[in-house]
Structure formats: structure tokens, C-alpha cells
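Please read the structure below before turning to the comments.
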Amino acid sequence: MRLILLGPPGAGKGTQAQLLVQKHGIVQLSTGDMLRAAIAAGTPVGQKAKDIMARGDLVSDDVVVAIVADRIDQPDAQNGFVLDGFPRTVPQAEALDRLLADKGLKLDAVIQLAVDEGILLKRIENRVAELKRKGEPVRPDDNPESLKIRLEAYRRQTAPLIDYYGKRGILRTVDGMAPVQEVSAEIERVLGPVHEKGVARG
Ligand code: ADP
């Protein structure tokens, strides 16, 4: 199964991606996590991405597309994956279409987590408070100024993907305001037909 999770920062993509991983034996491909790993390792990609990410802006399409292209070729991704944080722009979505077409692969579904914007700042404040309580590091972009820029980037560059995938008939919208387990159940429900197709295909 190959899925995309779509939604603004704080919508719960990471949380739902992990639940999908447990339920379906697929891998989570989070470009945010991959970029943070590159920063921690001090690679050239990491050096390029560091300040851009801290500010809340998007890293360039070619950098992100290159990391995803490498990652989906790894053996553990052959059974399927859930992309979390990618694609974030129309050119990234087009690049993904080309990458998959070259391999004869198809996306099964794009799951949009719909949330009220008003709740996002609150959720990110909670995430920061929780990490601080546990003495764990807080992301440099989890602050009100960067969040504002991340939300703007989402509205301008990522939200058009709702239409992009809607037109292809693979968009499924789920209410992301519900409790975690309910959102997860709803995702499984909208994936129902995808599973059946998978079984029929053998
Ligand atoms: P969130 O969804 O909470 O905003 P992520 O961990 O997905 O956080 O991403 C954090 C940052 O990493 C983004 O604000 C951006 O700078 C960079 N990034 C992640 N994925 C992409 C992408 N597909 N294209 C461009 N930049 C990205």
C-alpha cells in the first residue's frame, strides 16, 4: 500500500503515519525526519536545510525530491509506504508521479487530515510543553513565528495538492479534529476499498 498523508503542520500526520505503519507493515517516510537526520549528521543537505527549516520555510524541491527518490528505492519500502510531509508543493507531486510511473507503481490513496487552523498553534504549544516536561529537545521551528511561516507555506504551496489529488479521484478526507483513535479508525474505514482492491489483485 502506498499512501500520502496531507494536512497542515500539527494536523497529526506523524501520529497517524505511525499507526498506519503498525497496522499495515509499511514504512513511514517523513521528509521532516529525514531532513532533521541530515542536519544532525551534518551532511551537505543538512547544512543547506538547517536555517530554512528553523525559519519555517520550505526546503527546495530538488533537495527533497532527491531524498525521497533514494528512500523509496530501499528494500524496506518495497512493501509500501506512507509519505508524511511529502509532497508539499505541486512540482514535488509531479516529481513523485514520475518517480512512481518509472517503477510501474501507483498511489493507493491520499488522506487529507482536515483540521481547524485555530487549533494548530495550541497543539504545537502542547507538543513543546510535553517535550520540555520530558527533558527532550524541542524543534527549532516549533515556535509561534516559525509556525506562522509554516502555515503560510502550507496555504500557498501545499493546499493546492488537495485539488491536484482530488481531480485524480484518490483524495480521501478525514476529520482530523477527532481523538487520535477515532481519526485512525476513520482512516481505516476510508482505506477499506483500497484493501479489497489489493486482495483482488493478489
Ligand atoms: P510539520 O508537518 O510539523 O510542519 P515536518 O517535520 O514535516 O513538520 O517539516 C518540518 C520542516 O522541514 C518544514 O517546515 C520544511 O522546512 C522542511 N520540509 C519537510 N518536508 C518538506 C518538503 N516535502 N518540501 C520542502 N520542505 C520540507
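By order in the C-alpha cells, chains are A, B, ...; within a chain, residues start at 1; ligands start at 1, following the order shown.
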
6 Å from ligand 1 is the threshold here; counting only C-alpha atoms and all ligand atoms, which polymer residues fall inside it? Answer as a list in words.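 Going residue by residue within 6 Å of ligand 1, we get Pro9, Gly10, Thr31, Gly32, Asp33, Ile52, Met53, Gly56, Asp57, Leu58, Val59, Ser60, Asp61, Val64, Gly85, Phe86, Pro87, Arg88 and Arg150 of chain A.
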
Could you please take those selected residues and save N, CA, C and O atoms as a short mmCIF file (atom, residue, chain, number, x, y, z; two decimals), in the first residue's frame?
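Once written, out-v2.cif looks like this:
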```
data_model
loop_
_atom_site.label_atom_id
_atom_site.label_comp_id
_atom_site.auth_asym_id
_atom_site.auth_seq_id
_atom_site.Cartn_x
_atom_site.Cartn_y
_atom_site.Cartn_z
N PRO A 9 0.79 21.77 9.35
CA PRO A 9 1.63 21.40 10.49
C PRO A 9 0.76 21.26 11.74
O PRO A 9 -0.09 22.10 12.00
N GLY A 10 0.96 20.19 12.48
CA GLY A 10 0.19 19.98 13.70
C GLY A 10 -1.10 19.23 13.46
O GLY A 10 -1.86 18.99 14.40
N THR A 31 9.68 13.36 5.36
CA THR A 31 10.78 14.20 4.86
C THR A 31 11.31 15.11 5.97
O THR A 31 12.50 15.39 6.02
N GLY A 32 10.41 15.53 6.89
CA GLY A 32 10.86 16.35 8.02
C GLY A 32 11.90 15.58 8.84
O GLY A 32 12.97 16.11 9.16
N ASP A 33 11.58 14.32 9.17
CA ASP A 33 12.53 13.50 9.94
C ASP A 33 13.82 13.26 9.17
O ASP A 33 14.91 13.29 9.74
N ILE A 52 16.76 27.25 6.79
CA ILE A 52 15.46 27.31 6.10
C ILE A 52 14.39 26.67 6.97
O ILE A 52 13.31 27.24 7.17
N MET A 53 14.70 25.50 7.50
CA MET A 53 13.71 24.80 8.32
C MET A 53 13.42 25.53 9.62
O MET A 53 12.27 25.62 10.04
N GLY A 56 10.96 28.11 9.13
CA GLY A 56 9.61 27.65 8.81
C GLY A 56 9.34 27.64 7.31
O GLY A 56 8.23 27.34 6.88
N ASP A 57 10.36 27.97 6.52
CA ASP A 57 10.20 27.94 5.06
C ASP A 57 10.41 26.52 4.51
O ASP A 57 10.92 25.65 5.22
N LEU A 58 10.06 26.34 3.25
CA LEU A 58 10.24 25.03 2.63
C LEU A 58 11.64 24.90 2.03
O LEU A 58 12.16 25.83 1.42
N VAL A 59 12.21 23.72 2.19
CA VAL A 59 13.47 23.37 1.56
C VAL A 59 13.19 23.20 0.06
O VAL A 59 12.06 22.91 -0.34
N SER A 60 14.22 23.37 -0.80
CA SER A 60 13.95 23.38 -2.24
C SER A 60 13.46 22.01 -2.73
O SER A 60 13.83 20.97 -2.20
N ASP A 61 12.63 22.07 -3.76
CA ASP A 61 12.03 20.86 -4.31
C ASP A 61 13.09 19.83 -4.70
O ASP A 61 12.94 18.64 -4.39
N VAL A 64 14.52 17.85 -1.70
CA VAL A 64 13.58 16.93 -1.07
C VAL A 64 13.25 15.76 -2.01
O VAL A 64 13.17 14.61 -1.58
N GLY A 85 4.52 14.52 5.05
CA GLY A 85 5.27 15.76 4.82
C GLY A 85 5.80 15.89 3.40
O GLY A 85 6.55 16.80 3.09
N PHE A 86 5.43 14.98 2.56
CA PHE A 86 5.82 15.00 1.15
C PHE A 86 4.71 14.37 0.34
O PHE A 86 4.16 13.34 0.76
N PRO A 87 4.33 14.90 -0.81
CA PRO A 87 4.79 16.16 -1.40
C PRO A 87 4.18 17.37 -0.69
O PRO A 87 3.11 17.26 -0.10
N ARG A 88 4.87 18.48 -0.77
CA ARG A 88 4.40 19.71 -0.15
C ARG A 88 4.19 20.81 -1.18
O ARG A 88 3.77 21.91 -0.82
N ARG A 150 5.22 28.53 8.53
CA ARG A 150 4.88 27.17 8.08
C ARG A 150 3.43 27.11 7.60
O ARG A 150 3.13 26.45 6.60
#
```

field: Spatial neighbours of Ala95 (chain A), max dist 10 Å, only C-alpha atoms, sep filter under 3 positions, as a list in words
entry: Asp61, Asp62, Val65, Ala66, Ala69, Pro87, Thr89, Val90, Pro91, Gln92, Arg98, Leu99, Leu100 and Ala101 of chain A

Residues just named, written with all heavy atoms as an mmCIF file, in the first residue's frame:
```cif
data_model
loop_
_atom_site.group_PDB
_atom_site.id
_atom_site.type_symbol
_atom_site.label_atom_id
_atom_site.label_comp_id
_atom_site.auth_asym_id
_atom_site.auth_seq_id
_atom_site.Cartn_x
_atom_site.Cartn_y
_atom_site.Cartn_z
ATOM 1 N N ASP A 61 12.630 22.074 -3.765
ATOM 2 C CA ASP A 61 12.028 20.856 -4.308
ATOM 3 C C ASP A 61 13.088 19.825 -4.699
ATOM 4 O O ASP A 61 12.936 18.643 -4.386
ATOM 5 C CB ASP A 61 11.165 21.190 -5.538
ATOM 6 C CG ASP A 61 9.875 21.911 -5.159
ATOM 7 O OD1 ASP A 61 9.434 21.790 -3.996
ATOM 8 O OD2 ASP A 61 9.304 22.601 -6.029
ATOM 9 N N ASP A 62 14.160 20.249 -5.393
ATOM 10 C CA ASP A 62 15.123 19.231 -5.872
ATOM 11 C C ASP A 62 15.794 18.493 -4.726
ATOM 12 O O ASP A 62 16.036 17.291 -4.814
ATOM 13 C CB ASP A 62 16.184 19.769 -6.841
ATOM 14 C CG ASP A 62 16.295 21.254 -6.861
ATOM 15 O OD1 ASP A 62 15.229 21.907 -6.762
ATOM 16 O OD2 ASP A 62 17.426 21.762 -6.954
ATOM 17 N N VAL A 65 13.056 16.065 -3.283
ATOM 18 C CA VAL A 65 12.732 15.003 -4.250
ATOM 19 C C VAL A 65 13.878 13.988 -4.315
ATOM 20 O O VAL A 65 13.639 12.775 -4.349
ATOM 21 C CB VAL A 65 12.428 15.596 -5.645
ATOM 22 C CG1 VAL A 65 12.372 14.503 -6.708
ATOM 23 C CG2 VAL A 65 11.105 16.375 -5.618
ATOM 24 N N ALA A 66 15.119 14.485 -4.258
ATOM 25 C CA ALA A 66 16.269 13.575 -4.316
ATOM 26 C C ALA A 66 16.283 12.638 -3.103
ATOM 27 O O ALA A 66 16.540 11.438 -3.253
ATOM 28 C CB ALA A 66 17.578 14.365 -4.393
ATOM 29 N N ALA A 69 13.462 10.064 -3.562
ATOM 30 C CA ALA A 69 13.780 9.114 -4.644
ATOM 31 C C ALA A 69 14.708 8.015 -4.123
ATOM 32 O O ALA A 69 14.490 6.834 -4.404
ATOM 33 C CB ALA A 69 14.415 9.856 -5.817
ATOM 34 N N PRO A 87 4.333 14.896 -0.811
ATOM 35 C CA PRO A 87 4.792 16.161 -1.401
ATOM 36 C C PRO A 87 4.176 17.374 -0.694
ATOM 37 O O PRO A 87 3.111 17.264 -0.102
ATOM 38 C CB PRO A 87 4.288 16.065 -2.838
ATOM 39 C CG PRO A 87 3.105 15.151 -2.786
ATOM 40 C CD PRO A 87 3.377 14.181 -1.683
ATOM 41 N N THR A 89 4.504 20.538 -2.420
ATOM 42 C CA THR A 89 4.286 21.516 -3.497
ATOM 43 C C THR A 89 3.819 20.746 -4.728
ATOM 44 O O THR A 89 4.042 19.528 -4.828
ATOM 45 C CB THR A 89 5.595 22.261 -3.875
ATOM 46 O OG1 THR A 89 6.510 21.312 -4.440
ATOM 47 C CG2 THR A 89 6.263 22.924 -2.675
ATOM 48 N N VAL A 90 3.208 21.463 -5.676
ATOM 49 C CA VAL A 90 2.771 20.798 -6.910
ATOM 50 C C VAL A 90 3.968 20.210 -7.675
ATOM 51 O O VAL A 90 3.900 19.054 -8.110
ATOM 52 C CB VAL A 90 1.896 21.739 -7.771
ATOM 53 C CG1 VAL A 90 1.647 21.146 -9.147
ATOM 54 C CG2 VAL A 90 0.563 22.014 -7.062
ATOM 55 N N PRO A 91 5.077 20.933 -7.830
ATOM 56 C CA PRO A 91 6.223 20.307 -8.509
ATOM 57 C C PRO A 91 6.704 19.026 -7.813
ATOM 58 O O PRO A 91 7.112 18.075 -8.484
ATOM 59 C CB PRO A 91 7.309 21.388 -8.472
ATOM 60 C CG PRO A 91 6.553 22.676 -8.402
ATOM 61 C CD PRO A 91 5.324 22.380 -7.589
ATOM 62 N N GLN A 92 6.630 18.974 -6.485
ATOM 63 C CA GLN A 92 7.010 17.731 -5.783
ATOM 64 C C GLN A 92 6.032 16.610 -6.128
ATOM 65 O O GLN A 92 6.435 15.457 -6.307
ATOM 66 C CB GLN A 92 7.034 17.942 -4.266
ATOM 67 C CG GLN A 92 8.185 18.810 -3.779
ATOM 68 C CD GLN A 92 8.184 19.010 -2.268
ATOM 69 O OE1 GLN A 92 7.543 18.287 -1.508
ATOM 70 N NE2 GLN A 92 8.928 20.014 -1.817
ATOM 71 N N ARG A 98 6.182 11.012 -11.525
ATOM 72 C CA ARG A 98 7.166 10.490 -12.489
ATOM 73 C C ARG A 98 7.977 9.350 -11.885
ATOM 74 O O ARG A 98 8.197 8.312 -12.531
ATOM 75 C CB ARG A 98 8.110 11.611 -12.951
ATOM 76 C CG ARG A 98 7.471 12.592 -13.924
ATOM 77 C CD ARG A 98 8.521 13.488 -14.580
ATOM 78 N NE ARG A 98 9.199 14.340 -13.623
ATOM 79 C CZ ARG A 98 8.761 15.561 -13.257
ATOM 80 N NH1 ARG A 98 7.664 16.053 -13.789
ATOM 81 N NH2 ARG A 98 9.432 16.280 -12.386
ATOM 82 N N LEU A 99 8.407 9.553 -10.608
ATOM 83 C CA LEU A 99 9.195 8.510 -9.938
ATOM 84 C C LEU A 99 8.425 7.190 -9.889
ATOM 85 O O LEU A 99 8.983 6.126 -10.179
ATOM 86 C CB LEU A 99 9.446 8.915 -8.482
ATOM 87 C CG LEU A 99 10.644 9.775 -8.154
ATOM 88 C CD1 LEU A 99 10.630 10.138 -6.672
ATOM 89 C CD2 LEU A 99 11.910 8.998 -8.488
ATOM 90 N N LEU A 100 7.151 7.277 -9.509
ATOM 91 C CA LEU A 100 6.356 6.063 -9.367
ATOM 92 C C LEU A 100 6.059 5.453 -10.725
ATOM 93 O O LEU A 100 6.146 4.233 -10.901
ATOM 94 C CB LEU A 100 5.057 6.361 -8.602
ATOM 95 C CG LEU A 100 5.239 6.757 -7.133
ATOM 96 C CD1 LEU A 100 3.898 7.112 -6.504
ATOM 97 C CD2 LEU A 100 5.914 5.652 -6.331
ATOM 98 N N ALA A 101 5.738 6.296 -11.703
ATOM 99 C CA ALA A 101 5.429 5.788 -13.045
ATOM 100 C C ALA A 101 6.626 5.021 -13.609
ATOM 101 O O ALA A 101 6.466 3.950 -14.206
ATOM 102 C CB ALA A 101 5.026 6.935 -13.968
#
```

Excluding Pro140 (chain A) and residues on its chain fewer than 3 positions from it, collect all residues at most 12 Å away from it, counting only C-alpha atoms, and give them as a ChimeraX atom specification.
/A:36,39,50-56,128,137,143-147

- Shell around Thr15 (chain A) at 10 Å using only C-alpha atoms, local window under 6 positions removed, as number ranges by chain: A: 84, 180, 184

Write the selection just made, keeping N, CA and C atoms, as an mmCIF file, in the first residue's frame?
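See selection_8.cif below for the written result:
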```cif
data_model
loop_
_atom_site.group_PDB
_atom_site.id
_atom_site.type_symbol
_atom_site.label_atom_id
_atom_site.label_comp_id
_atom_site.auth_asym_id
_atom_site.auth_seq_id
_atom_site.Cartn_x
_atom_site.Cartn_y
_atom_site.Cartn_z
ATOM 1 N N ASP A 84 4.792 11.248 4.699
ATOM 2 C CA ASP A 84 4.311 12.199 5.699
ATOM 3 C C ASP A 84 5.150 13.464 5.549
ATOM 4 N N VAL A 180 -7.308 10.817 18.571
ATOM 5 C CA VAL A 180 -6.361 10.041 17.758
ATOM 6 C C VAL A 180 -6.937 8.699 17.283
ATOM 7 N N SER A 184 -7.845 7.474 13.452
ATOM 8 C CA SER A 184 -7.241 6.256 12.923
ATOM 9 C C SER A 184 -8.316 5.303 12.383
#
```

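Residue nearest Val183 (chain A) within the list A:Leu113, A:Lys23, A:Leu121, A:Leu105: A:Leu113 [criterion: smallest interatomic distance, only C-alpha atoms].
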
Judged by only C-alpha atoms, the minimum distance to Arg172 (chain A) among A:Leu29, A:Val68, A:Met1, A:Leu6 is found for A:Leu6

**OP:** Based on DSSP run over this structure's backbone, return all residues of region 3-202 of chain A in helix (DSSP H, G or I), as a PyMOL selection string.
**Re:** chain A and resi 13-24+31-41+44-55+61-71+75-77+90-102+118-133+144-158+160-167+180-201

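Straight-line separation from CA of Ala17 (chain A) to CA of Ser30 (chain A): 8.8 Å.
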
Checklist entry - Smallest atom-to-atom distance to Asp141 (chain A): which of A:Ile124, A:Ala37, A:Ala185, A:Val21, using only C-alpha atoms? => result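 Ranking A:Ile124, A:Ala37, A:Ala185, A:Val21 by distance to Asp141 (chain A), first place goes to A:Ile124.
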
key: Close residues, region 106-108 of chain A itself excluded, 10 Å, only C-alpha atoms, min 5 positions apart in chain, as a count of residues only   = 20

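If only C-alpha atoms are the atoms counted, then among A:Val27, A:Thr158, A:Ala178, A:Gln22 the closest residue to Gln74 (chain A) is A:Val27.
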